[in-house]
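A.B. asks: What follows is data-v2.cif; its format and atoms are mmCIF, C-alpha atoms.
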data_target
#
loop_
_atom_site.label_atom_id
_atom_site.label_comp_id
_atom_site.auth_asym_id
_atom_site.auth_seq_id
_atom_site.Cartn_x
_atom_site.Cartn_y
_atom_site.Cartn_z
CA MET A 12 -20.80 -9.97 -9.82
CA ASN A 13 -18.44 -11.10 -12.59
CA ILE A 14 -16.00 -13.85 -11.64
CA LEU A 15 -12.85 -14.55 -13.64
CA TYR A 16 -10.23 -17.16 -12.82
CA GLU A 17 -6.45 -17.09 -12.89
CA ASN A 18 -4.92 -18.89 -15.84
CA GLN A 19 -8.32 -19.15 -17.59
CA THR A 20 -9.38 -17.25 -20.71
CA ILE A 21 -11.35 -14.05 -20.08
CA PRO A 22 -14.62 -13.17 -21.93
CA THR A 23 -14.03 -11.80 -25.42
CA GLU A 24 -15.77 -8.51 -24.59
CA LEU A 25 -12.97 -7.70 -22.12
CA GLU A 26 -10.13 -8.40 -24.55
CA PRO A 27 -10.05 -4.93 -26.21
CA PHE A 28 -9.86 -3.24 -22.83
CA ILE A 29 -6.95 -5.42 -21.67
CA LYS A 30 -5.12 -4.92 -24.97
CA ASN A 31 -5.55 -1.14 -24.86
CA ASN A 32 -4.33 -0.71 -21.28
CA LYS A 33 -0.57 -1.13 -21.12
CA SER A 34 -0.63 -1.01 -17.32
CA LEU A 35 -2.44 -4.38 -17.34
CA HIS A 36 -0.10 -6.17 -19.75
CA PRO A 37 2.24 -7.53 -17.00
CA TYR A 38 -0.75 -9.29 -15.38
CA PHE A 39 -2.24 -10.95 -18.47
CA GLU A 40 -0.91 -13.10 -21.28
CA GLN A 41 -2.20 -13.58 -24.80
CA ASN A 42 -2.11 -16.68 -26.98
CA PHE A 43 -4.10 -18.19 -29.84
CA ASN A 44 -6.94 -19.08 -27.47
CA GLY A 45 -7.38 -15.54 -26.17
CA ILE A 46 -6.26 -13.56 -23.12
CA LYS A 47 -6.02 -14.94 -19.60
CA PRO A 48 -4.79 -13.64 -16.24
CA LYS A 49 -1.38 -14.83 -15.18
CA ASN A 50 -0.80 -16.01 -11.63
CA TYR A 51 -2.67 -13.00 -10.21
CA CYS A 52 -5.96 -12.66 -8.37
CA GLY A 53 -7.84 -9.63 -7.15
CA PHE A 54 -10.24 -6.97 -8.31
CA LEU A 55 -10.83 -5.09 -11.57
CA SER A 56 -13.04 -2.02 -11.91
CA ILE A 57 -13.55 -1.46 -15.63
CA GLU A 58 -15.85 1.30 -16.88
CA ASN A 59 -18.03 0.99 -13.75
CA GLN A 60 -18.16 -2.80 -14.04
CA SER A 61 -16.69 -5.02 -11.31
CA TYR A 62 -14.70 -8.17 -12.05
CA PHE A 63 -13.05 -10.49 -9.55
CA ILE A 64 -10.15 -12.73 -10.48
CA ALA A 65 -10.26 -15.66 -8.08
CA PRO A 66 -8.25 -18.88 -7.65
CA LYS A 67 -10.02 -21.98 -8.96
CA ILE A 68 -10.47 -24.09 -5.84
CA THR A 69 -14.08 -25.32 -5.95
CA THR A 70 -16.92 -25.30 -8.48
CA ASP A 71 -18.73 -22.56 -6.54
CA ASP A 72 -17.89 -18.97 -7.62
CA ASN A 73 -18.80 -17.33 -4.30
CA GLN A 74 -16.87 -19.92 -2.32
CA ASN A 75 -13.76 -19.41 -4.45
CA LEU A 76 -13.95 -15.66 -3.87
CA ASN A 77 -14.57 -16.04 -0.13
CA ILE A 78 -11.61 -18.43 0.19
CA PHE A 79 -9.39 -15.95 -1.61
CA ILE A 80 -10.51 -13.10 0.69
CA TYR A 81 -9.94 -15.30 3.73
CA MET A 82 -6.42 -16.14 2.49
CA LEU A 83 -5.64 -12.42 2.11
CA ILE A 84 -7.02 -11.54 5.54
CA TYR A 85 -5.11 -14.36 7.20
CA ALA A 86 -1.86 -13.97 5.23
CA TYR A 87 -1.63 -10.21 5.82
CA ASN A 88 -2.77 -10.52 9.44
CA ILE A 89 -5.78 -8.23 9.03
CA LYS A 90 -7.88 -7.88 12.17
CA LEU A 91 -11.57 -7.44 11.29
CA SER A 92 -14.60 -7.78 13.49
CA HIS A 93 -17.52 -10.03 12.50
CA GLU A 94 -19.50 -6.88 11.64
CA ASP A 95 -16.69 -5.62 9.42
CA LEU A 96 -16.63 -8.93 7.54
CA ILE A 97 -20.38 -8.81 6.95
CA ASN A 98 -20.21 -5.19 5.76
CA SER A 99 -17.24 -5.83 3.48
CA SER A 100 -19.05 -8.74 1.80
CA THR A 101 -21.72 -6.33 0.53
CA GLN A 102 -19.32 -3.75 -0.87
CA GLU A 103 -18.73 -3.57 -4.57
CA HIS A 104 -14.96 -3.30 -4.22
CA ARG A 105 -14.73 -5.45 -1.13
CA ILE A 106 -11.15 -6.76 -1.55
CA PHE A 107 -9.79 -3.27 -2.11
CA GLU A 108 -12.01 -1.73 0.56
CA ILE A 109 -10.87 -4.20 3.21
CA PHE A 110 -7.31 -2.93 2.87
CA ILE A 111 -8.38 0.72 2.62
CA LYS A 112 -10.36 0.26 5.85
CA LEU A 113 -7.37 -1.34 7.55
CA PHE A 114 -5.11 1.56 6.53
CA SER A 115 -7.48 4.44 7.28
CA ASP A 116 -8.73 3.04 10.60
CA GLU A 117 -5.20 2.36 11.82
CA LEU A 118 -3.86 5.75 10.72
CA LEU A 119 -6.78 7.72 12.18
CA SER A 120 -6.40 5.84 15.47
CA GLU A 121 -2.74 6.90 15.67
CA PHE A 122 -3.56 10.49 14.70
CA LYS A 123 -5.96 10.67 17.65
CA LYS A 124 -3.01 9.89 19.93
CA GLY A 125 -1.02 12.70 18.34
CA VAL A 126 0.21 13.56 14.85
CA PHE A 127 3.81 12.61 14.23
CA LYS A 128 6.12 15.62 14.27
CA LYS A 129 9.88 15.97 13.98
CA TYR A 130 12.43 18.74 13.91
CA ILE A 131 13.20 19.94 10.40
CA SER A 132 15.81 22.51 9.37
CA LEU A 133 14.49 25.67 7.75
CA GLU A 134 16.20 28.69 6.25
CA GLU A 135 14.27 31.94 5.91
CA ASN A 136 14.78 35.67 5.49
CA LEU A 137 13.26 37.11 8.70
CA LYS A 138 12.90 40.49 10.31
CA VAL A 139 14.30 39.22 13.61
CA LEU A 140 17.08 36.73 14.33
CA ARG A 141 15.92 33.18 14.90
CA GLY A 142 18.31 30.28 15.32
CA ARG A 143 21.65 30.58 13.50
CA TYR A 144 22.78 33.72 11.68
CA VAL A 145 23.74 32.68 8.11
CA ILE A 146 26.82 34.86 7.53
CA GLU A 147 27.50 33.99 3.88
CA LYS A 148 23.95 34.86 2.78
CA ASN A 149 23.66 38.01 4.86
CA PHE A 150 26.73 39.44 3.09
CA THR A 151 24.73 39.46 -0.16
CA ASN A 152 21.42 40.39 1.45
CA PHE A 153 20.26 43.65 -0.11
CA TYR A 154 17.15 43.76 2.04
CA HIS A 155 18.87 45.09 5.15
CA GLN A 156 15.70 45.02 7.22
CA ASN A 157 15.69 41.19 7.01
CA ILE A 158 18.13 38.58 8.29
CA TYR A 159 18.88 35.17 6.81
CA CYS A 160 18.42 32.63 9.59
CA GLU A 161 18.68 28.87 9.88
CA PHE A 162 16.58 27.22 12.56
CA ASP A 163 14.86 23.99 13.54
CA GLU A 164 11.08 23.72 13.73
CA PHE A 165 9.00 20.95 15.31
CA SER A 166 6.68 20.28 12.38
CA MET A 167 4.17 17.78 11.00
CA ASP A 168 5.39 18.69 7.49
CA ASN A 169 7.87 15.83 7.29
CA GLU A 170 8.65 12.96 4.92
CA LEU A 171 6.43 10.39 6.64
CA ASN A 172 3.34 12.62 6.74
CA ARG A 173 3.92 13.70 3.15
CA PHE A 174 3.85 10.04 2.18
CA PHE A 175 0.59 9.52 4.09
CA LEU A 176 -0.99 12.54 2.40
CA PHE A 177 0.10 11.29 -1.02
CA ALA A 178 -1.30 7.80 -0.31
CA ILE A 179 -4.59 9.18 1.03
CA ARG A 180 -5.20 11.25 -2.10
CA VAL A 181 -4.41 8.30 -4.37
CA PHE A 182 -6.82 6.07 -2.44
CA LYS A 183 -9.58 8.71 -2.48
CA ARG A 184 -9.72 8.45 -6.27
CA TYR A 185 -11.05 4.91 -5.94
CA SER A 186 -12.61 4.70 -2.46
CA LYS A 187 -15.24 6.66 -0.55
CA ASN A 188 -14.12 5.50 2.87
CA PRO A 189 -14.89 8.50 5.15
CA ASN A 190 -11.82 7.99 7.31
CA LEU A 191 -9.60 8.87 4.35
CA SER A 192 -11.05 12.40 4.35
CA ARG A 193 -10.71 12.61 8.13
CA CYS A 194 -7.03 11.66 7.90
CA GLU A 195 -6.51 14.18 5.12
CA MET A 196 -7.97 16.97 7.27
CA VAL A 197 -5.54 16.13 10.07
CA LEU A 198 -2.64 16.68 7.65
CA ASP A 199 -3.80 20.15 6.59
CA GLU A 200 -0.38 21.67 7.38
CA VAL A 201 1.52 19.12 5.29
CA GLU A 202 2.73 20.03 1.82
CA TYR A 203 1.39 17.73 -0.90
CA LEU A 204 4.05 16.28 -3.20
CA ASN A 205 3.98 13.58 -5.85
CA ILE A 206 6.06 10.79 -4.35
CA ASP A 207 7.87 7.91 -5.99
CA PHE A 208 6.91 5.35 -3.35
CA ASN A 209 9.30 2.78 -4.87
CA ARG A 210 12.26 4.95 -3.84
CA LEU A 211 11.25 5.84 -0.30
CA ASN A 212 13.83 5.58 2.43
CA ILE A 213 11.88 6.20 5.64
CA TYR A 214 13.36 5.01 8.93
CA PHE A 215 11.28 4.42 12.05
CA ASP A 216 12.53 5.27 15.52
CA ARG A 217 10.97 5.27 18.96
CA MET A 218 8.88 8.35 18.15
CA SER A 219 7.53 7.14 14.81
CA SER A 220 7.35 3.35 15.30
CA ARG A 221 3.61 3.38 16.02
CA TYR A 222 3.03 4.53 12.42
CA LYS A 223 4.97 1.66 10.88
CA LYS A 224 1.93 -0.58 10.35
CA SER A 225 0.01 2.21 8.57
CA TYR A 226 3.06 2.89 6.42
CA GLU A 227 3.51 -0.78 5.46
CA VAL A 228 -0.20 -1.25 4.62
CA ALA A 229 -0.25 1.93 2.51
CA LEU A 230 2.90 0.85 0.68
CA MET A 231 1.42 -2.60 0.03
CA ILE A 232 -1.81 -1.10 -1.38
CA LEU A 233 0.12 1.28 -3.63
CA ASN A 234 2.20 -1.61 -4.97
CA LYS A 235 -0.91 -3.72 -5.71
CA LEU A 236 -2.95 -0.84 -7.13
CA VAL A 237 -2.85 -0.53 -10.92
CA PRO A 238 -4.42 2.71 -12.22
CA MET A 239 -5.65 2.37 -15.80
CA THR A 240 -4.31 5.55 -17.34
CA ASP A 241 -5.31 4.52 -20.87
CA SER A 242 -8.99 4.22 -19.93
CA SER A 243 -11.59 6.87 -20.72
CA ASP A 244 -12.85 6.31 -17.18
CA LYS A 245 -10.10 7.67 -14.91
CA LYS A 246 -11.56 5.74 -11.97
CA SER A 247 -10.94 2.36 -13.59
CA PHE A 248 -8.29 0.40 -11.73
CA ALA A 249 -7.02 -3.04 -10.78
CA PHE A 250 -5.98 -4.36 -7.38
CA LEU A 251 -4.02 -7.56 -7.93
CA PHE A 252 -2.02 -10.02 -5.85
CA ASP A 253 0.60 -12.51 -6.98
CA MET A 254 -0.92 -15.79 -5.79
CA ALA A 255 2.50 -17.39 -5.30
CA VAL A 256 3.30 -14.66 -2.75
CA VAL A 257 -0.13 -14.88 -1.09
CA PHE A 258 0.13 -18.65 -0.74
CA GLU A 259 3.66 -18.40 0.67
CA LYS A 260 2.55 -15.79 3.22
CA PHE A 261 -0.53 -17.87 4.08
CA VAL A 262 1.46 -21.06 4.74
CA GLU A 263 4.23 -19.18 6.57
CA LYS A 264 1.76 -17.53 8.95
CA MET A 265 0.02 -20.86 9.50
CA TYR A 266 3.32 -22.43 10.49
CA LYS A 267 4.18 -19.46 12.72
CA ASP A 268 0.84 -19.77 14.51
CA ILE A 269 1.65 -23.43 15.19
CA ASP A 270 5.36 -22.99 15.84
CA PRO A 271 6.69 -19.47 16.65
CA SER A 272 10.26 -20.59 15.79
CA THR A 273 9.28 -20.74 12.11
CA VAL A 274 11.01 -18.09 10.00
CA GLY A 275 10.83 -16.92 6.40
CA GLN A 276 13.56 -15.53 4.14
CA TYR A 277 16.01 -18.12 5.46
CA SER A 278 19.17 -19.04 3.57
CA LYS A 279 22.05 -21.40 4.19
CA SER A 280 25.15 -22.23 2.22
CA PHE A 281 26.83 -25.61 1.76
CA GLY A 282 30.03 -24.75 -0.04
CA LYS A 283 29.00 -23.39 -3.44
CA LEU A 284 25.43 -24.60 -2.97
CA HIS A 285 23.06 -21.90 -1.68
CA LEU A 286 19.68 -22.99 -0.34
CA ARG A 287 16.86 -20.54 0.24
CA PRO A 288 13.64 -22.30 1.28
CA ASP A 289 10.49 -20.19 1.53
CA ILE A 290 9.88 -21.38 5.09
CA TYR A 291 12.30 -22.80 7.63
CA THR A 292 11.67 -24.36 11.04
CA ASP A 293 13.67 -26.43 13.51
CA SER A 294 10.46 -28.07 14.70
CA LYS A 295 9.66 -31.71 13.92
CA ILE A 296 6.02 -30.87 13.10
CA THR A 297 4.99 -33.06 10.17
CA THR A 298 1.30 -32.23 9.87
CA LEU A 299 -0.82 -29.08 10.17
#
In structure tokens, how does this file's structure come out?
C.D. replies:
Amino acid sequence: MNILYENQTIPTELEPFIKNNKSLHPYFEQNFNGIKPKNYCGFLSIENQSYFIAPKITTDDNQNLNIFIYMLIYAYNIKLSHEDLINSSTQEHRIFEIFIKLFSDELLSEFKKGVFKKYISLEENLKVLRGRYVIEKNFTNFYHQNIYCEFDEFSMDNELNRFFLFAIRVFKRYSKNPNLSRCEMVLDEVEYLNIDFNRLNIYFDRMSSRYKKSYEVALMILNKLVPMTDSSDKKSFAFLFDMAVVFEKFVEKMYKDIDPSTVGQYSKSFGKLHLRPDIYTDSKITTL
């Protein structure tokens, strides 16, 4: 196991790889002393070699890594059994695999209750009338044996399931978790599309709300996942977290566990002065 530390210079043998992969440039900085990770921690898989970027908390490498994993599990409210924790500690890509397991287990559990379907509008040229007769198109229909119809169909081929299928196939490039394949088989009637997940606009209602957690976890993984397109090994990737965000989430959840009135993303204005603390509480708690 190769341990690197945030804000500390990486081994010289890794420098050419970092320099040659533009996708990694936002996460590393270069100066006269070499290249070092910025304020990011996580996992790197480089040409079949595993590297972990951990926060420097103690002098023990394994303890630093375990503390970081604990912070992630706690901050992102990941529920793992004791057996899951033991198994994840022996996996080569354990940080990444923990989140893949969370996503795939949650999604498969919801699929077993019933795949999400919704009514979608379709327009087809049919031999019999179905739904609404499309007058304007039937005027120019030279195939008189068919009729242009517009109708609604209760289908699993919808925007949410297309996102799940896209995410599953991305994750399968880097993970062998068997539940990913099981989820993919469930979505066999869904059309696969390349999706710009940064521009999604999916709304959850009473029928789809049980899939919200799976959606949020998948979106989080996709945002942290950095494919290395400039590598000769197409399975090389990084899975990195901004430690400022992780620490903020960790402390916020700790406060919420102590005092449920604690909120994040709070802002208040005093005239022209705008205050936006990371965490806000009305409680008089002074110690944790």
A.B. asks: Go ahead and compute the interatomic distance for atom CA of Asn32 of chain A and atom CA of Met239 of chain A, in Å to one decimal.
C.D. replies: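 Taking atom CA of Asn32 of chain A as the start and atom CA of Met239 of chain A as the end point, the length is 6.4 Å.
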A.B. asks: Identify all residues satisfying the PyMOL selection byres ((chain A and resi 38) around 7) in the given file; provide them as a list of chain:residue names.
C.D. replies: A:Leu35, A:His36, A:Pro37, A:Phe39, A:Pro48, A:Lys49, A:Tyr51
A.B. asks: State, in Å with one decimal place, the distance from atom CA of Thr20 of chain A to atom CA of Ser34 of chain A.
C.D. replies: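 Separation between atom CA of Thr20 of chain A and atom CA of Ser34 of chain A: 18.8 Å.
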A.B. asks: For this file, the PyMOL selection byres ((chain A and resi 125-133) around 10) selects which residues, as a ChimeraX atom specification?
C.D. replies: /A:118-124,134-135,142,160-172,197-198,218-222
A.B. asks: Would you kindly identify which residues have an atom no farther than 10 Å from (-0.7, -12.0, 2.6), using all atoms listed in the file and the file's own coordinates, and write them out as an mmCIF file with C-alpha atoms, in the coordinates of the input?
C.D. replies:
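Dumped everything to result.cif:
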data_model
loop_
_atom_site.group_PDB
_atom_site.id
_atom_site.type_symbol
_atom_site.label_atom_id
_atom_site.label_comp_id
_atom_site.auth_asym_id
_atom_site.auth_seq_id
_atom_site.Cartn_x
_atom_site.Cartn_y
_atom_site.Cartn_z
ATOM 1 C CA TYR A 81 -9.940 -15.300 3.730
ATOM 2 C CA MET A 82 -6.420 -16.140 2.490
ATOM 3 C CA LEU A 83 -5.640 -12.420 2.110
ATOM 4 C CA ILE A 84 -7.020 -11.540 5.540
ATOM 5 C CA TYR A 85 -5.110 -14.360 7.200
ATOM 6 C CA ALA A 86 -1.860 -13.970 5.230
ATOM 7 C CA TYR A 87 -1.630 -10.210 5.820
ATOM 8 C CA ASN A 88 -2.770 -10.520 9.440
ATOM 9 C CA ILE A 89 -5.780 -8.230 9.030
ATOM 10 C CA MET A 231 1.420 -2.600 0.030
ATOM 11 C CA PHE A 252 -2.020 -10.020 -5.850
ATOM 12 C CA ASP A 253 0.600 -12.510 -6.980
ATOM 13 C CA MET A 254 -0.920 -15.790 -5.790
ATOM 14 C CA VAL A 256 3.300 -14.660 -2.750
ATOM 15 C CA VAL A 257 -0.130 -14.880 -1.090
ATOM 16 C CA PHE A 258 0.130 -18.650 -0.740
ATOM 17 C CA GLU A 259 3.660 -18.400 0.670
ATOM 18 C CA LYS A 260 2.550 -15.790 3.220
ATOM 19 C CA PHE A 261 -0.530 -17.870 4.080
ATOM 20 C CA VAL A 262 1.460 -21.060 4.740
ATOM 21 C CA GLU A 263 4.230 -19.180 6.570
ATOM 22 C CA LYS A 264 1.760 -17.530 8.950
#
A.B. asks: Contacts of Leu230 of chain A at 12 Å or less, counting all atoms listed in the file, minus same-chain residues fewer than 2 places along, as a PyMOL selection string?
C.D. replies: chain A and resi 110-111+114+171+174-175+177-179+181-182+206-211+213+223-228+232-236
A.B. asks: At what distance in Å, to one decimal, does atom CA of Ile106 of chain A lie from atom CA of Ala249 of chain A?
C.D. replies: 10.8 Å
A.B. asks: Point out the residue among A:Ile29, A:Ile269, A:Ile64, A:Ala229 with the least atom-to-atom distance to Lys112 of chain A, counting all atoms listed in the file.
C.D. replies: A:Ala229
A.B. asks: Which residues come within 8 Å of Leu76 of chain A, counting only C-alpha atoms, excluding same-chain residues fewer than 6 positions away, as a PyMOL selection string?
C.D. replies: chain A and resi 63+65-66
A.B. asks: Have a look at A:Ser247, A:Ser115, A:Asn157, A:Asn13 and name the one nearest to Tyr62 of chain A; count only C-alpha atoms.
C.D. replies: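 Of the candidates, the smallest distance to Tyr62 of chain A is held by A:Asn13.
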A.B. asks: Which polymer residues, whether protein, DNA or RNA, lie within 7 Å of the coordinate (-11.2, 8.8, 9.6) when you count all atoms listed in the file? List them as a PyMOL selection string, using the chain letters and numbers from the file.
C.D. replies: chain A and resi 115-116+119+189-194
A.B. asks: From the set A:Glu202, A:Arg184, A:Arg105, A:Ile14, which residue has the shortest atom-to-atom contact distance to Gln74 of chain A, counting all atoms listed in the file?
C.D. replies: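 Looking only at the distances to Gln74 of chain A, the closest residue turns out to be A:Ile14.
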A.B. asks: A:Leu284, A:Ser186, A:Gly45, A:Pro238: which is nearest Ile109 of chain A, counting all atoms listed in the file?
C.D. replies: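 Looking only at the distances to Ile109 of chain A, the closest residue turns out to be A:Ser186.
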